[in-house]
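Listing of structure_39.cif, mmCIF, C-alpha atoms
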```cif
data_data
loop_
_atom_site.label_atom_id
_atom_site.label_comp_id
_atom_site.auth_asym_id
_atom_site.auth_seq_id
_atom_site.Cartn_x
_atom_site.Cartn_y
_atom_site.Cartn_z
CA MET H 1 0.00 0.00 0.00
CA LEU H 2 1.33 3.43 -0.90
CA LYS H 3 2.17 5.78 1.93
CA THR H 4 -0.18 8.40 0.44
CA ASN H 5 -3.08 6.01 1.00
CA TYR H 6 -2.39 5.63 4.74
CA THR H 7 -5.11 6.76 7.11
CA GLU H 8 -3.46 7.56 10.42
CA VAL H 9 -4.96 5.56 13.28
CA ARG H 10 -5.56 7.78 16.31
CA GLU H 11 -7.45 5.27 18.45
CA PHE H 12 -8.23 1.58 18.72
CA VAL H 13 -11.53 -0.12 19.44
CA PHE H 14 -11.71 -3.15 21.72
CA LEU H 15 -14.06 -5.89 20.56
CA GLY H 16 -14.13 -7.20 24.13
CA LEU H 17 -14.91 -10.70 25.31
CA SER H 18 -18.32 -11.05 23.68
CA THR H 19 -20.89 -9.13 21.65
CA SER H 20 -23.81 -10.61 23.63
CA ARG H 21 -25.24 -8.13 26.14
CA GLN H 22 -26.14 -10.91 28.58
CA ILE H 23 -22.60 -12.27 28.55
CA GLN H 24 -21.26 -8.72 28.87
CA HIS H 25 -23.40 -8.18 31.97
CA PHE H 26 -22.06 -11.42 33.43
CA PHE H 27 -18.45 -10.37 32.79
CA LEU H 28 -19.20 -6.94 34.28
CA ALA H 29 -20.43 -8.43 37.55
CA PHE H 30 -17.72 -11.10 37.51
CA SER H 31 -14.88 -8.62 36.96
CA MET H 32 -16.19 -6.13 39.54
CA VAL H 33 -16.31 -8.79 42.25
CA LEU H 34 -12.89 -10.18 41.41
CA TYR H 35 -11.24 -6.77 41.12
CA THR H 36 -12.64 -5.72 44.49
CA ALA H 37 -11.19 -8.90 45.99
CA ILE H 38 -7.85 -8.25 44.27
CA VAL H 39 -7.60 -4.70 45.59
CA LEU H 40 -8.62 -5.61 49.14
CA GLY H 41 -6.50 -8.77 49.32
CA ASN H 42 -3.28 -7.37 47.91
CA THR H 43 -3.61 -4.02 49.71
CA ILE H 44 -4.03 -5.75 53.06
CA VAL H 45 -1.01 -7.93 52.31
CA VAL H 46 1.16 -4.93 51.39
CA LEU H 47 0.06 -2.92 54.45
CA THR H 48 0.54 -5.87 56.78
CA LEU H 49 4.03 -6.63 55.52
CA THR H 50 4.97 -2.93 55.61
CA PHE H 51 3.81 -2.03 59.12
CA ASP H 52 4.29 -5.28 61.05
CA PRO H 53 7.93 -5.44 62.28
CA HIS H 54 7.63 -9.19 62.92
CA LEU H 55 7.42 -9.78 59.16
CA HIS H 56 10.43 -7.75 58.06
CA SER H 57 12.30 -10.72 56.63
CA PRO H 58 13.55 -11.51 53.09
CA MET H 59 10.68 -13.88 52.28
CA TYR H 60 7.99 -11.39 53.27
CA PHE H 61 9.83 -8.54 51.57
CA LEU H 62 9.60 -10.41 48.27
CA LEU H 63 5.98 -11.40 48.94
CA GLY H 64 5.01 -7.79 49.56
CA ASN H 65 6.49 -6.72 46.24
CA LEU H 66 4.71 -9.60 44.48
CA ALA H 67 1.39 -8.40 45.91
CA PHE H 68 2.18 -4.84 44.76
CA ILE H 69 2.98 -5.95 41.20
CA ASP H 70 -0.17 -8.11 41.07
CA LEU H 71 -2.26 -5.13 42.16
CA CYS H 72 -0.68 -2.88 39.52
CA LEU H 73 -0.97 -5.53 36.79
CA SER H 74 -4.67 -6.01 37.45
CA THR H 75 -5.33 -2.26 37.78
CA LEU H 76 -3.71 -1.67 34.39
CA THR H 77 -6.43 -3.56 32.51
CA VAL H 78 -9.44 -4.54 34.64
CA PRO H 79 -10.85 -1.07 35.52
CA LYS H 80 -10.74 -0.14 31.82
CA MET H 81 -12.57 -3.36 30.96
CA ILE H 82 -15.20 -2.68 33.63
CA SER H 83 -15.68 0.86 32.31
CA ASP H 84 -16.03 -0.40 28.74
CA LEU H 85 -18.55 -3.08 29.73
CA TYR H 86 -20.61 -0.54 31.66
CA SER H 87 -20.54 2.34 29.16
CA GLY H 88 -20.27 0.42 25.90
CA GLN H 89 -17.50 2.78 24.74
CA ASN H 90 -14.62 0.43 24.00
CA SER H 91 -12.05 2.80 22.53
CA ILE H 92 -8.52 3.67 23.63
CA SER H 93 -6.19 6.29 22.20
CA PHE H 94 -3.09 5.28 20.25
CA GLN H 95 -0.86 6.72 22.98
CA GLY H 96 -2.92 4.99 25.67
CA CYS H 97 -2.55 1.66 23.90
CA VAL H 98 1.24 2.04 23.61
CA PHE H 99 1.45 3.05 27.28
CA GLN H 100 -0.60 0.02 28.33
CA ILE H 101 1.70 -2.29 26.36
CA PHE H 102 4.80 -0.70 27.89
CA VAL H 103 3.61 -0.93 31.51
CA LEU H 104 2.18 -4.41 30.94
CA HIS H 105 5.57 -5.78 29.89
CA VAL H 106 7.45 -3.94 32.63
CA LEU H 107 5.16 -5.45 35.27
CA GLY H 108 4.91 -8.88 33.64
CA ALA H 109 8.66 -9.38 33.19
CA SER H 110 9.37 -7.97 36.65
CA GLU H 111 6.96 -10.47 38.22
CA MET H 112 8.59 -13.34 36.34
CA VAL H 113 12.04 -12.38 37.64
CA LEU H 114 10.61 -11.80 41.13
CA LEU H 115 9.14 -15.31 41.16
CA VAL H 116 12.61 -16.65 40.35
CA ALA H 117 14.01 -14.59 43.25
CA MET H 118 11.35 -16.06 45.54
CA ALA H 119 12.29 -19.58 44.43
CA TRP H 120 15.94 -18.77 45.17
CA ASP H 121 14.92 -17.48 48.62
CA ARG H 122 13.10 -20.76 49.38
CA TYR H 123 16.06 -22.77 48.10
CA VAL H 124 18.47 -20.97 50.43
CA ALA H 125 16.05 -21.25 53.37
CA ILE H 126 15.57 -25.00 52.91
CA CYS H 127 18.95 -26.11 51.59
CA ARG H 128 21.26 -23.72 53.44
CA PRO H 129 19.34 -22.66 56.55
CA LEU H 130 22.44 -21.80 58.64
CA HIS H 131 23.60 -19.28 56.02
CA TYR H 132 20.15 -17.95 55.13
CA LEU H 133 20.37 -14.53 56.80
CA THR H 134 23.90 -14.05 55.52
CA ILE H 135 23.02 -14.88 51.91
CA MET H 136 19.61 -13.18 51.91
CA SER H 137 20.88 -9.95 53.43
CA PRO H 138 19.01 -6.65 53.01
CA ARG H 139 21.50 -5.73 50.31
CA MET H 140 20.80 -8.98 48.43
CA CYS H 141 17.03 -8.41 48.69
CA PHE H 142 17.44 -4.90 47.31
CA LEU H 143 19.60 -6.18 44.46
CA LEU H 144 17.08 -8.92 43.60
CA LEU H 145 14.18 -6.46 43.56
CA SER H 146 16.15 -3.85 41.60
CA GLY H 147 17.22 -6.50 39.13
CA ALA H 148 13.60 -7.56 38.61
CA TRP H 149 12.48 -4.01 37.80
CA VAL H 150 15.51 -3.25 35.62
CA ILE H 151 15.04 -6.44 33.60
CA GLY H 152 11.33 -5.68 33.25
CA PHE H 153 12.06 -2.13 32.05
CA LEU H 154 14.74 -3.21 29.56
CA HIS H 155 12.52 -6.01 28.25
CA SER H 156 9.65 -3.59 27.64
CA VAL H 157 11.87 -0.96 26.01
CA ALA H 158 13.36 -3.60 23.72
CA GLN H 159 9.86 -4.67 22.68
CA LEU H 160 8.62 -1.16 21.89
CA ALA H 161 11.82 -0.22 20.07
CA PHE H 162 10.76 -2.58 17.28
CA VAL H 163 7.20 -1.30 16.94
CA VAL H 164 7.23 2.39 17.87
CA HIS H 165 7.67 3.47 14.23
CA LEU H 166 5.14 1.09 12.70
CA SER H 167 2.51 2.51 10.35
CA PHE H 168 -1.17 1.83 10.98
CA CYS H 169 -3.61 2.36 8.13
CA GLY H 170 -6.67 0.54 9.47
CA PRO H 171 -8.61 -1.40 10.56
CA ASN H 172 -8.28 -0.30 14.17
CA GLU H 173 -10.24 -3.06 15.95
CA ILE H 174 -8.44 -5.12 18.62
CA ASP H 175 -10.08 -8.47 19.33
CA SER H 176 -9.49 -8.27 23.07
CA PHE H 177 -10.20 -6.09 26.12
CA TYR H 178 -6.65 -4.71 26.46
CA CYS H 179 -3.65 -3.75 24.34
CA ASP H 180 -0.75 -6.13 23.89
CA LEU H 181 1.89 -6.60 21.24
CA PRO H 182 0.34 -9.47 19.22
CA GLN H 183 -2.96 -7.63 18.68
CA PHE H 184 -1.19 -4.29 18.23
CA ILE H 185 1.29 -5.52 15.61
CA LYS H 186 -1.42 -7.46 13.79
CA LEU H 187 -2.99 -4.14 12.73
CA ALA H 188 0.23 -2.72 11.26
CA CYS H 189 0.54 -2.23 7.51
CA MET H 190 3.52 -4.50 6.96
CA ASP H 191 4.74 -8.06 6.71
CA LEU H 192 4.17 -9.61 10.14
CA ARG H 193 6.68 -12.45 9.92
CA LYS H 194 9.62 -10.44 11.25
CA MET H 195 7.49 -9.02 14.05
CA GLN H 196 6.23 -12.50 14.95
CA PHE H 197 9.83 -13.68 15.27
CA MET H 198 10.66 -10.67 17.46
CA ILE H 199 7.78 -11.41 19.84
CA THR H 200 8.68 -15.08 20.07
CA ALA H 201 12.38 -14.35 20.55
CA ASN H 202 11.81 -11.75 23.27
CA SER H 203 8.62 -12.36 25.24
CA GLY H 204 8.40 -16.03 24.33
CA PHE H 205 11.95 -16.67 25.47
CA ILE H 206 11.64 -14.88 28.81
CA SER H 207 8.27 -16.55 29.55
CA THR H 208 9.32 -20.08 28.64
CA GLY H 209 12.83 -19.79 30.06
CA THR H 210 11.65 -18.41 33.40
CA PHE H 211 8.92 -21.05 33.66
CA PHE H 212 11.32 -23.96 33.21
CA LEU H 213 13.85 -22.34 35.54
CA LEU H 214 11.19 -22.18 38.25
CA ILE H 215 10.09 -25.79 37.72
CA ILE H 216 13.72 -26.97 37.89
CA SER H 217 14.29 -25.01 41.10
CA TYR H 218 11.20 -26.59 42.72
CA VAL H 219 12.39 -30.06 41.73
CA VAL H 220 15.84 -29.36 43.22
CA ILE H 221 14.23 -28.17 46.47
CA LEU H 222 12.08 -31.29 46.71
CA LEU H 223 15.04 -33.59 46.02
CA THR H 224 17.11 -31.79 48.65
CA VAL H 225 14.35 -32.05 51.25
CA ARG H 226 13.89 -35.72 50.47
CA LYS H 227 17.60 -36.37 50.85
CA HIS H 228 17.89 -34.67 54.24
CA SER H 229 14.53 -35.40 55.84
CA SER H 230 11.88 -37.63 54.34
CA GLY H 231 9.45 -36.52 57.05
CA ASP H 232 9.43 -32.93 55.76
CA LEU H 233 8.89 -34.05 52.17
CA SER H 234 5.10 -34.12 52.37
CA LYS H 235 5.00 -30.62 53.89
CA ALA H 236 7.36 -29.24 51.26
CA LEU H 237 5.43 -31.00 48.51
CA SER H 238 2.16 -29.49 49.74
CA THR H 239 3.64 -25.99 49.81
CA LEU H 240 5.45 -26.19 46.48
CA SER H 241 2.51 -27.82 44.69
CA ALA H 242 0.44 -24.73 45.51
CA HIS H 243 3.27 -22.51 44.24
CA ILE H 244 3.57 -24.56 41.06
CA THR H 245 -0.18 -24.20 40.48
CA VAL H 246 0.11 -20.41 40.56
CA VAL H 247 3.21 -20.48 38.34
CA VAL H 248 1.43 -22.64 35.73
CA LEU H 249 -1.65 -20.37 35.77
CA PHE H 250 0.53 -17.27 35.37
CA PHE H 251 3.00 -18.55 32.80
CA GLY H 252 0.61 -20.73 30.79
CA PRO H 253 -1.22 -17.82 29.10
CA CYS H 254 2.05 -15.91 28.62
CA ILE H 255 3.73 -18.84 26.88
CA PHE H 256 0.68 -19.45 24.69
CA VAL H 257 0.29 -15.78 23.68
CA TYR H 258 3.94 -15.09 22.91
CA MET H 259 5.04 -18.43 21.50
CA TRP H 260 1.98 -18.39 19.20
CA PRO H 261 1.45 -14.62 18.70
CA PHE H 262 -1.24 -14.78 16.00
CA PRO H 263 -3.60 -17.69 16.76
CA THR H 264 -6.42 -18.46 14.35
CA VAL H 265 -8.85 -18.82 17.28
CA PRO H 266 -9.09 -15.82 19.68
CA VAL H 267 -8.55 -17.75 22.92
CA ASP H 268 -5.71 -15.54 24.14
CA LYS H 269 -8.06 -12.89 25.51
CA PHE H 270 -9.83 -15.47 27.68
CA LEU H 271 -6.49 -16.88 28.87
CA ALA H 272 -5.48 -13.34 29.83
CA ILE H 273 -8.25 -13.38 32.46
CA LEU H 274 -6.09 -15.84 34.39
CA ASP H 275 -3.22 -13.35 34.60
CA PHE H 276 -5.28 -10.25 35.32
CA MET H 277 -8.03 -11.56 37.60
CA ILE H 278 -7.37 -15.10 38.83
CA THR H 279 -3.63 -15.19 39.64
CA PRO H 280 -3.69 -11.84 41.55
CA ILE H 281 -6.25 -13.42 43.89
CA LEU H 282 -4.47 -16.75 44.22
CA ASN H 283 -1.08 -15.22 45.01
CA PRO H 284 -2.19 -13.64 48.34
CA ALA H 285 -4.16 -16.76 49.22
CA ILE H 286 -1.37 -19.24 48.51
CA TYR H 287 1.75 -17.27 49.39
CA THR H 288 0.45 -15.44 52.48
CA LEU H 289 -2.94 -16.53 53.81
CA ARG H 290 -1.73 -20.11 54.30
CA ASN H 291 1.05 -18.75 56.52
CA LYS H 292 0.28 -18.72 60.24
CA ASP H 293 2.44 -15.68 61.03
CA MET H 294 0.85 -13.77 58.18
CA LYS H 295 -2.68 -14.49 59.37
CA VAL H 296 -1.85 -13.36 62.91
CA ALA H 297 -0.26 -10.16 61.59
CA MET H 298 -3.29 -9.42 59.38
CA LYS H 299 -5.61 -9.83 62.36
CA ARG H 300 -3.48 -7.35 64.33
CA LEU H 301 -3.59 -4.85 61.47
CA ILE H 302 -7.36 -5.16 60.98
CA THR H 303 -7.92 -4.75 64.74
CA LYS H 304 -5.80 -1.59 64.75
CA LEU H 305 -7.69 -0.16 61.78
CA LEU H 306 -11.04 -0.90 63.38
CA ASN H 307 -9.94 0.76 66.64
CA LEU H 308 -8.78 3.83 64.75
CA SER H 309 -12.08 4.07 62.91
CA LYS H 310 -14.00 3.86 66.19
CA MET H 311 -11.86 6.59 67.78
CA SER H 312 -12.44 8.90 64.82
#
```
Would you mind writing the structure in this file as structure tokens?
Amino acid sequence: MLKTNYTEVREFVFLGLSTSRQIQHFFLAFSMVLYTAIVLGNTIVVLTLTFDPHLHSPMYFLLGNLAFIDLCLSTLTVPKMISDLYSGQNSISFQGCVFQIFVLHVLGASEMVLLVAMAWDRYVAICRPLHYLTIMSPRMCFLLLSGAWVIGFLHSVAQLAFVVHLSFCGPNEIDSFYCDLPQFIKLACMDLRKMQFMITANSGFISTGTFFLLIISYVVILLTVRKHSSGDLSKALSTLSAHITVVVLFFGPCIFVYMWPFPTVPVDKFLAILDFMITPILNPAIYTLRNKDMKVAMKRLITKLLNLSKMS
């Protein structure tokens, strides 16, 4: 197509999850309930881990940052989806779409690296307990967290560097409820094969590589526990199986979307619900609410908040 025939795209239109009004009403109620639970659950976790001095340890430091990223990741997409379902206006500006893609990949890659850091923390705690506080020092925790955010930022910048100068001549309809690279690039006026390779090489590699690294680390932990104490194996297996469930639910959609960027059947938008609405609820439940110390600390925090509200 000649450049003179280009019609500059200034906004994109989301096709959403369904065109049926009844199904849209169901998703509206469903997403409102889940997002409320996500905000309350992750906010309470962050506040508890921040203000309770008994929980100022490396493990809880990483858990608090995981809850924060989950809250941000869900807030990036779900409120917009709720607004679109309620108002019926499903448009987003070109700049807003690019911004959503950028923040999405910063948060997503940062969470992947953070999950690896959490697996490393559990490995040190179980396999080298006498050296745990020395290895997982405050400086090490800061470096792990900084590394997660830096890698997430560089990953996202590298992605957008390939697509920031793309030309869009229409159509401008995105078959999803949020902006991401596969849907965004699909609308560009160019040969998509090079872009497909870029997505697979970048996002596909970091998703698949991190997933297998986590699975290997869990297997090593289980083998180490079995070697030293067979009695603790069932407890470790119960804990890690819950962690593996969350990892599979988080990484499964990512691997599918980025290893197969342009599927013939639009199932990626339904898989994305796992990352934006299901996993952010499961993470607080599995990583924190099953922990006795965490539950006691949350009760103390809620009691303090209730007392403050009564005094005011």
Which polymer residues, protein or nucleic acid, are no farther than 12 Å from (14.9, -21.9, 56.1), counting only C-alpha atoms, as a PDB file with C-alpha atoms, in the coordinates of the input?
```
ATOM      1  CA  SER H  57      12.300 -10.720  56.630  1.00  0.00           C
ATOM      2  CA  PRO H  58      13.550 -11.510  53.090  1.00  0.00           C
ATOM      3  CA  MET H  59      10.680 -13.880  52.280  1.00  0.00           C
ATOM      4  CA  TRP H 120      15.940 -18.770  45.170  1.00  0.00           C
ATOM      5  CA  ASP H 121      14.920 -17.480  48.620  1.00  0.00           C
ATOM      6  CA  ARG H 122      13.100 -20.760  49.380  1.00  0.00           C
ATOM      7  CA  TYR H 123      16.060 -22.770  48.100  1.00  0.00           C
ATOM      8  CA  VAL H 124      18.470 -20.970  50.430  1.00  0.00           C
ATOM      9  CA  ALA H 125      16.050 -21.250  53.370  1.00  0.00           C
ATOM     10  CA  ILE H 126      15.570 -25.000  52.910  1.00  0.00           C
ATOM     11  CA  CYS H 127      18.950 -26.110  51.590  1.00  0.00           C
ATOM     12  CA  ARG H 128      21.260 -23.720  53.440  1.00  0.00           C
ATOM     13  CA  PRO H 129      19.340 -22.660  56.550  1.00  0.00           C
ATOM     14  CA  LEU H 130      22.440 -21.800  58.640  1.00  0.00           C
ATOM     15  CA  HIS H 131      23.600 -19.280  56.020  1.00  0.00           C
ATOM     16  CA  TYR H 132      20.150 -17.950  55.130  1.00  0.00           C
ATOM     17  CA  LEU H 133      20.370 -14.530  56.800  1.00  0.00           C
ATOM     18  CA  THR H 134      23.900 -14.050  55.520  1.00  0.00           C
ATOM     19  CA  ILE H 135      23.020 -14.880  51.910  1.00  0.00           C
ATOM     20  CA  MET H 136      19.610 -13.180  51.910  1.00  0.00           C
ATOM     21  CA  ILE H 221      14.230 -28.170  46.470  1.00  0.00           C
ATOM     22  CA  VAL H 225      14.350 -32.050  51.250  1.00  0.00           C
ATOM     23  CA  ALA H 236       7.360 -29.240  51.260  1.00  0.00           C
TER      24      ALA H 236
END
```
Task: Residue IDs satisfying the PyMOL selection byres ((chain H and resi 50) around 12), as a PyMOL selection string - done: chain H and resi 43-49+51-57+60-65+67-68+294+297-298+301
Open item on the list: Between H:Tyr258, H:Ser146, H:Phe276, H:Leu214, which residue has the minimum interatomic distance to Thr75 in chain H, considering all atoms listed in the file?
Closed with: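 Ranking H:Tyr258, H:Ser146, H:Phe276, H:Leu214 by distance to Thr75 in chain H, first place goes to H:Phe276.
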- [ ] Any chance you could resolve the PyMOL selection byres ((chain H and resi 145) around 9) against this file and give the residues as an MDAnalysis selection string?
- [x] chainID H and resid 62 65 110 113:114 117 140:144 146:150
Open item on the list: Report, in Å with one decimal, the straight-line distance from CA of Val248 in chain H to CA of Met277 in chain H.
Closed with: 14.7 Å
Task: Which of H:Phe168, H:Phe153, H:Trp260, H:Phe184 sits closest to Gly108 in chain H [using only C-alpha atoms] - done: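 The answer is H:Phe153, which sits nearest to Gly108 in chain H.
Picture a line from CA of Gly152 in chain H to CA of Ser176 in chain H; it runs 23.3 Å.
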